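Just model07.txt here, compact mmCIF, C-alpha atoms and all ligand atoms:
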```txt
# COMPACT_ATOMS: atom_id res chain seq x y z
CA MET M 1 -33.11 -27.64 10.00
CA GLU M 2 -30.56 -30.29 9.11
CA VAL M 3 -27.07 -29.16 9.94
CA GLY M 4 -25.09 -28.50 6.81
CA LYS M 5 -28.12 -28.32 4.55
CA ASN M 6 -28.21 -25.30 2.25
CA ARG M 7 -24.60 -24.60 3.09
CA PRO M 8 -23.16 -22.65 0.15
CA THR M 9 -20.57 -24.52 -1.88
CA THR M 10 -19.19 -21.46 -3.62
CA VAL M 11 -17.96 -18.11 -2.35
CA GLU M 12 -18.73 -15.02 -4.37
CA LEU M 13 -15.94 -12.49 -4.58
CA GLU M 14 -17.80 -9.76 -6.40
CA ASP M 15 -15.72 -6.91 -5.03
CA ILE M 16 -12.40 -8.33 -6.23
CA VAL M 17 -11.12 -6.89 -9.49
CA PRO M 18 -10.42 -9.75 -11.99
CA ALA M 19 -6.94 -8.38 -12.85
CA VAL M 20 -5.99 -8.57 -9.16
CA PHE M 21 -7.48 -12.02 -8.70
CA ASN M 22 -5.48 -13.21 -11.73
CA LEU M 23 -2.27 -11.90 -10.12
CA PHE M 24 -3.20 -13.83 -6.97
CA ILE M 25 -3.78 -17.06 -8.94
CA ASP M 26 -0.47 -16.51 -10.79
CA TRP M 27 1.27 -16.18 -7.43
CA LEU M 28 -0.39 -19.36 -6.09
CA TYR M 29 0.98 -21.36 -9.01
CA SER M 30 4.40 -19.73 -9.41
CA GLN M 31 5.10 -18.05 -6.02
CA LYS M 32 6.16 -15.09 -8.16
CA ILE M 33 4.59 -11.64 -8.20
CA SER M 34 4.06 -10.66 -11.81
CA ILE M 35 2.47 -7.20 -11.82
CA PRO M 36 2.84 -5.91 -15.39
CA ASP M 37 4.61 -2.61 -15.89
CA GLU M 38 2.95 0.22 -17.74
CA VAL M 39 4.23 -0.94 -21.13
CA ASN M 40 2.91 -4.49 -20.74
CA ILE M 41 -0.37 -3.70 -19.04
CA ASN M 42 -3.41 -4.98 -20.97
CA VAL M 43 -6.85 -3.51 -21.55
CA GLY M 44 -8.47 -5.35 -18.59
CA GLU M 45 -5.83 -4.08 -16.23
CA LYS M 46 -6.23 -0.55 -17.58
CA ALA M 47 -9.93 -0.79 -16.67
CA ILE M 48 -9.22 -0.73 -12.92
CA ASP M 49 -10.42 2.34 -11.08
CA CYS M 50 -7.36 4.57 -10.73
CA ILE M 51 -5.66 7.64 -12.15
CA GLN M 52 -4.55 6.93 -15.71
CA GLY M 53 -0.98 5.65 -15.82
CA ASN M 54 -1.16 4.53 -12.19
CA GLU M 55 -2.29 0.96 -12.90
CA TYR M 56 0.90 -0.74 -11.69
CA HIS M 57 0.75 0.95 -8.28
CA MET M 58 -2.99 0.37 -7.89
CA LEU M 59 -2.63 -3.33 -8.80
CA ALA M 60 0.17 -3.61 -6.23
CA ILE M 61 -1.79 -2.11 -3.34
CA MET M 62 -4.90 -4.11 -4.34
CA LEU M 63 -2.90 -7.37 -4.36
CA TYR M 64 -1.51 -6.48 -0.92
CA ALA M 65 -5.04 -5.86 0.39
CA LEU M 66 -6.22 -9.17 -1.08
CA ALA M 67 -3.33 -11.08 0.54
CA ASN M 68 -4.18 -9.46 3.88
CA ARG M 69 -7.86 -10.25 3.54
CA PHE M 70 -7.23 -13.94 2.82
CA LEU M 71 -4.47 -14.09 5.47
CA VAL M 72 -1.92 -15.28 2.92
CA ARG M 73 1.14 -14.57 5.04
CA ASP M 74 3.88 -15.14 2.41
CA LEU M 75 2.21 -12.96 -0.19
CA THR M 76 1.39 -10.27 2.38
CA ARG M 77 5.03 -10.15 3.39
CA SER M 78 6.33 -10.08 -0.19
CA MET M 79 3.91 -7.32 -1.13
CA ASN M 80 4.86 -5.35 1.98
CA ARG M 81 8.50 -5.48 0.88
CA LEU M 82 7.57 -4.46 -2.68
CA LEU M 83 5.47 -1.49 -1.51
CA VAL M 84 8.09 -0.34 1.03
CA ALA M 85 10.76 -0.57 -1.68
CA ASP M 86 8.65 1.53 -4.07
CA TYR M 87 7.73 4.25 -1.58
CA ALA M 88 10.54 4.34 0.99
CA VAL M 89 13.55 3.17 -1.05
CA LYS M 90 12.84 4.43 -4.57
CA ALA M 91 10.79 7.33 -3.16
CA THR M 92 7.97 6.86 -5.66
CA ARG M 93 5.23 9.26 -4.55
CA PRO M 94 1.96 7.52 -3.61
CA SER M 95 -0.85 9.37 -5.37
CA LEU M 96 -4.14 10.16 -3.66
CA ASP M 97 -6.07 7.31 -5.34
CA ILE M 98 -3.62 4.87 -3.72
CA ILE M 99 -4.05 6.55 -0.32
CA ILE M 100 -7.85 6.44 -0.59
CA PHE M 101 -7.84 2.75 -1.56
CA ALA M 102 -5.35 1.81 1.18
CA PHE M 103 -7.27 3.55 3.97
CA GLY M 104 -10.50 1.95 2.77
CA ASN M 105 -9.11 -1.58 2.55
CA LEU M 106 -6.27 -2.15 5.04
CA ARG M 107 -6.52 -2.62 8.82
CA SER M 108 -5.91 0.65 10.67
CA SER M 109 -2.72 -0.68 12.32
CA ASP M 110 -1.09 -1.63 9.00
CA THR M 111 2.35 -0.03 8.73
CA ILE M 112 1.79 0.68 5.02
CA LEU M 113 -0.76 3.30 6.17
CA ASP M 114 1.96 4.85 8.37
CA LEU M 115 4.27 4.88 5.36
CA LEU M 116 1.68 6.66 3.19
CA VAL M 117 1.11 9.29 5.89
CA ASP M 118 4.83 9.80 6.50
CA PHE M 119 5.56 10.12 2.78
CA HIS M 120 2.73 12.58 2.29
CA CYS M 121 3.91 14.69 5.27
CA CYS M 122 7.44 15.06 3.99
CA ALA M 123 6.82 15.28 0.25
CA TRP M 124 3.61 17.18 -0.36
CA HIS M 125 4.00 20.46 -2.25
CA PRO M 126 1.36 22.94 -3.49
CA TRP M 127 2.33 22.34 -7.15
CA LEU M 128 0.95 18.79 -6.81
CA ARG M 129 -2.49 20.37 -6.98
CA ASP M 130 -1.73 21.13 -10.64
CA TYR M 131 -2.47 17.46 -11.31
CA GLU M 132 -6.17 17.92 -11.99
CA GLU M 133 -7.15 14.27 -11.46
CA GLU M 134 -5.47 14.21 -8.06
CA ALA M 135 -6.75 17.62 -6.96
CA LYS M 136 -10.31 16.35 -7.47
CA LEU M 137 -9.58 13.41 -5.15
CA GLU M 138 -8.63 15.67 -2.24
CA LYS M 139 -12.31 15.88 -1.32
CA GLU M 140 -12.44 12.09 -0.93
CA LEU M 141 -9.44 11.74 1.39
CA PRO M 142 -10.40 9.55 4.36
CA HIS M 143 -10.93 11.20 7.74
CA ASP M 144 -8.41 8.85 9.39
CA PHE M 145 -5.70 9.85 6.88
CA LEU M 146 -6.36 13.57 7.40
CA LEU M 147 -6.26 13.17 11.19
CA ARG M 148 -2.95 11.34 11.05
CA VAL M 149 -1.44 14.00 8.78
CA MET M 150 -2.75 16.72 11.11
CA HIS M 151 -1.26 15.02 14.18
CA ALA M 152 2.09 14.51 12.45
CA HIS M 153 2.29 18.20 11.53
CA ALA M 154 1.19 19.28 15.01
CA CYS M 155 4.02 17.26 16.57
CA SER M 156 7.30 19.17 16.23
CA ASN M 157 9.40 16.01 16.81
CA GLU M 158 7.67 14.32 13.93
CA ALA M 159 8.13 17.32 11.65
CA ALA M 160 11.84 17.40 12.46
CA ARG M 161 12.23 13.65 11.86
CA LEU M 162 10.87 13.69 8.33
CA GLN M 163 11.96 16.42 5.97
CA THR M 164 12.18 14.56 2.64
CA PRO M 165 11.29 11.03 1.39
CA GLY M 166 15.00 10.26 1.83
CA ASP M 167 14.44 10.45 5.62
CA LEU M 168 12.03 7.50 5.56
CA VAL M 169 13.56 4.36 7.11
CA PRO M 170 12.19 1.42 5.08
CA CYS M 171 12.47 -1.07 7.96
CA ASP M 172 10.05 1.00 10.07
CA TYR M 173 7.31 -0.35 7.80
CA HIS M 174 8.39 -4.00 7.43
CA GLU M 175 6.50 -5.57 10.38
CA HIS M 176 9.21 -8.21 10.92
CA ASP M 177 8.02 -11.43 12.58
CA THR M 178 11.16 -12.11 14.61
CA LEU M 179 14.02 -10.23 16.21
CA ALA M 180 16.49 -12.25 14.12
CA GLU M 181 14.73 -11.20 10.93
CA TRP M 182 14.81 -7.58 12.03
CA LYS M 183 18.51 -7.81 12.90
CA ALA M 184 19.27 -9.19 9.43
CA CYS M 185 17.33 -6.42 7.63
CA GLU M 186 19.58 -4.17 5.57
CA TYR M 187 17.07 -1.33 5.73
CA LYS M 188 16.77 -0.90 9.49
CA ARG M 189 17.26 2.39 11.29
CA PRO M 190 21.00 3.14 11.85
CA LYS M 191 22.11 2.89 15.49
CA GLY M 192 21.70 6.09 17.44
CA VAL M 193 19.19 7.57 14.96
CA MET M 194 15.74 8.17 16.52
ZN ZN G 201 13.29 -4.42 7.89
```

Let's see the structure in the file written out as structure tokens.
Amino acid sequence: MEVGKNRPTTVELEDIVPAVFNLFIDWLYSQKISIPDEVNINVGEKAIDCIQGNEYHMLAIMLYALANRFLVRDLTRSMNRLLVADYAVKATRPSLDIIIFAFGNLRSSDTILDLLVDFHCCAWHPWLRDYEEEAKLEKELPHDFLLRVMHAHACSNEAARLQTPGDLVPCDYHEHDTLAEWKACEYKRPKGVM
């Protein structure tokens, strides 16, 4: 067979949601992340598979996964900062649909997975099961997520470290490339705090 013959000239990206791909194209042209908020979200974006009203957060984690998959370093980094700011700075609770998507689509060593586990460990409360849509998703929680939560709760040091979302140290999840970058980060762990 002639080398190069029948080589495909197009790549099919069937599993990528159009709304997320559009955000990626927007970023390529503008270098800006323009995830619409709930008020400005359009019908196509509402059609993504998530709990109703959770479109912004699902688009954000999907865009992060896409940037990781295509090894787009700048976008990966920007999305990491955006997600860490949402969950560890503003203490926005990640719902179970976000956790299920993240564990199904990010590499197992990604610090965003650590952040989701840590947040869940220090913020879960039985009344959250009153949210019917989320309660149904408990059955779909990934084995890896459940194991990590179990290990965190079994470790008394870990349980003492994280009592509320306010105990999360955003920089723990930044994956800084250099020591200088880490030193300059305003969200790093205060000296002397383990
Ligand atoms: Zn940092």

Please determine, counting all atoms listed in the file, which residue among M:Asp118, M:Ala47, M:Val89, M:Ala102 has the shortest atom-to-atom distance to ligand ZN 201 (chain G).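 Answer, going by the shortest atom-to-atom distance: M:Val89.
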
Which of these residues is nearest to Ile100 in chain M, using only C-alpha atoms: M:Asp74, M:Phe145, M:Val43, M:Glu55? M:Phe145

Which chains and residue numbers are within 10 Å of ligand ZN 201 (chain G), counting all atoms listed in the file, if I want them as number ranges by chain? M: 81, 84, 169-177, 181-189

Between M:Leu141, M:Leu23, M:Ala91, M:Ala160, which one has atoms that come closest to Tyr56 in chain M, using all atoms listed in the file?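 For Tyr56 in chain M, the nearest of the candidates is M:Leu23.
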
Nearby residues, (-7.6, 0.2, -8.5) file frame, 12 Å, all atoms listed in the file, as a ChimeraX atom specification: /M:15-20,44-65,95-102,104-105

For the residues in the current selection, export C-alpha atoms as a PDB file, in the coordinates of the input.
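Just written: selection-v1.pdb:
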```pdb
ATOM      1  CA  ASP M  15     -15.720  -6.910  -5.030  1.00  0.00           C
ATOM      2  CA  ILE M  16     -12.400  -8.330  -6.230  1.00  0.00           C
ATOM      3  CA  VAL M  17     -11.120  -6.890  -9.490  1.00  0.00           C
ATOM      4  CA  PRO M  18     -10.420  -9.750 -11.990  1.00  0.00           C
ATOM      5  CA  ALA M  19      -6.940  -8.380 -12.850  1.00  0.00           C
ATOM      6  CA  VAL M  20      -5.990  -8.570  -9.160  1.00  0.00           C
ATOM      7  CA  GLY M  44      -8.470  -5.350 -18.590  1.00  0.00           C
ATOM      8  CA  GLU M  45      -5.830  -4.080 -16.230  1.00  0.00           C
ATOM      9  CA  LYS M  46      -6.230  -0.550 -17.580  1.00  0.00           C
ATOM     10  CA  ALA M  47      -9.930  -0.790 -16.670  1.00  0.00           C
ATOM     11  CA  ILE M  48      -9.220  -0.730 -12.920  1.00  0.00           C
ATOM     12  CA  ASP M  49     -10.420   2.340 -11.080  1.00  0.00           C
ATOM     13  CA  CYS M  50      -7.360   4.570 -10.730  1.00  0.00           C
ATOM     14  CA  ILE M  51      -5.660   7.640 -12.150  1.00  0.00           C
ATOM     15  CA  GLN M  52      -4.550   6.930 -15.710  1.00  0.00           C
ATOM     16  CA  GLY M  53      -0.980   5.650 -15.820  1.00  0.00           C
ATOM     17  CA  ASN M  54      -1.160   4.530 -12.190  1.00  0.00           C
ATOM     18  CA  GLU M  55      -2.290   0.960 -12.900  1.00  0.00           C
ATOM     19  CA  TYR M  56       0.900  -0.740 -11.690  1.00  0.00           C
ATOM     20  CA  HIS M  57       0.750   0.950  -8.280  1.00  0.00           C
ATOM     21  CA  MET M  58      -2.990   0.370  -7.890  1.00  0.00           C
ATOM     22  CA  LEU M  59      -2.630  -3.330  -8.800  1.00  0.00           C
ATOM     23  CA  ALA M  60       0.170  -3.610  -6.230  1.00  0.00           C
ATOM     24  CA  ILE M  61      -1.790  -2.110  -3.340  1.00  0.00           C
ATOM     25  CA  MET M  62      -4.900  -4.110  -4.340  1.00  0.00           C
ATOM     26  CA  LEU M  63      -2.900  -7.370  -4.360  1.00  0.00           C
ATOM     27  CA  TYR M  64      -1.510  -6.480  -0.920  1.00  0.00           C
ATOM     28  CA  ALA M  65      -5.040  -5.860   0.390  1.00  0.00           C
ATOM     29  CA  SER M  95      -0.850   9.370  -5.370  1.00  0.00           C
ATOM     30  CA  LEU M  96      -4.140  10.160  -3.660  1.00  0.00           C
ATOM     31  CA  ASP M  97      -6.070   7.310  -5.340  1.00  0.00           C
ATOM     32  CA  ILE M  98      -3.620   4.870  -3.720  1.00  0.00           C
ATOM     33  CA  ILE M  99      -4.050   6.550  -0.320  1.00  0.00           C
ATOM     34  CA  ILE M 100      -7.850   6.440  -0.590  1.00  0.00           C
ATOM     35  CA  PHE M 101      -7.840   2.750  -1.560  1.00  0.00           C
ATOM     36  CA  ALA M 102      -5.350   1.810   1.180  1.00  0.00           C
ATOM     37  CA  GLY M 104     -10.500   1.950   2.770  1.00  0.00           C
ATOM     38  CA  ASN M 105      -9.110  -1.580   2.550  1.00  0.00           C
TER      39      ASN M 105
END
```

Distance in Å - CA of Ile25 in chain M versus CA of Arg77 in chain M: 16.7 Å

Have a look at M:Glu138, M:Phe119, M:Val72, M:Asp110 and name the one nearest to Asp86 in chain M; count only C-alpha atoms.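 Counting only C-alpha atoms, the residue closest to Asp86 in chain M is M:Phe119.
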
Nearest to Leu113 in chain M: which of M:Leu28, M:Leu137, M:Val149, M:Leu75 is it, counting only C-alpha atoms?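 Smallest distance to Leu113 in chain M is found for M:Val149.
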
Gap from CA of Cys121 in chain M to CA of His151 in chain M - Å, one decimal: 10.3 Å

What does the distance from CA of Thr76 in chain M to CA of Lys90 in chain M come to in Å, to one decimal?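 Going from CA of Thr76 in chain M over to CA of Lys90 in chain M covers 19.9 Å.
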
Under the rule that only C-alpha atoms are counted, which of M:Asp144, M:Glu133, M:Lys139, M:Leu83 is the nearest residue to Arg107 in chain M?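 Closest to Arg107 in chain M, using only C-alpha atoms: M:Asp144.
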
Could you pull the residues within 8 Å of Ala123 in chain M, counting only C-alpha atoms, minus those fewer than 3 positions along the same chain, as a PyMOL selection string? chain M and resi 93+119-120+163-165

Atoms kept (N, CA and C atoms) for range 96-107 of chain M, as a tab-separated table (two decimals), in the first residue's frame:
```
chain	number	residue	atom	x	y	z
M	96	LEU	N	-23.24	17.02	41.45
M	96	LEU	CA	-22.79	15.67	41.11
M	96	LEU	C	-22.62	15.46	39.61
M	97	ASP	N	-23.39	16.19	38.78
M	97	ASP	CA	-23.21	16.02	37.33
M	97	ASP	C	-21.82	16.51	36.90
M	98	ILE	N	-21.33	17.55	37.57
M	98	ILE	CA	-19.98	18.06	37.28
M	98	ILE	C	-18.94	17.01	37.69
M	99	ILE	N	-19.14	16.44	38.87
M	99	ILE	CA	-18.19	15.43	39.38
M	99	ILE	C	-18.15	14.22	38.44
M	100	ILE	N	-19.31	13.78	38.01
M	100	ILE	CA	-19.37	12.60	37.12
M	100	ILE	C	-18.67	12.91	35.80
M	101	PHE	N	-18.92	14.08	35.23
M	101	PHE	CA	-18.27	14.45	33.97
M	101	PHE	C	-16.75	14.52	34.16
M	102	ALA	N	-16.32	15.19	35.23
M	102	ALA	CA	-14.88	15.41	35.45
M	102	ALA	C	-14.14	14.08	35.60
M	103	PHE	N	-14.70	13.17	36.40
M	103	PHE	CA	-14.01	11.89	36.60
M	103	PHE	C	-14.04	11.02	35.34
M	104	GLY	N	-14.98	11.27	34.46
M	104	GLY	CA	-15.03	10.51	33.20
M	104	GLY	C	-14.16	11.10	32.10
M	105	ASN	N	-13.69	12.34	32.29
M	105	ASN	CA	-13.03	13.02	31.17
M	105	ASN	C	-11.69	13.66	31.48
M	106	LEU	N	-11.25	13.66	32.73
M	106	LEU	CA	-9.94	14.24	33.06
M	106	LEU	C	-8.99	13.12	33.47
M	107	ARG	N	-7.67	13.37	33.31
M	107	ARG	CA	-6.69	12.36	33.72
M	107	ARG	C	-6.76	12.20	35.24
```
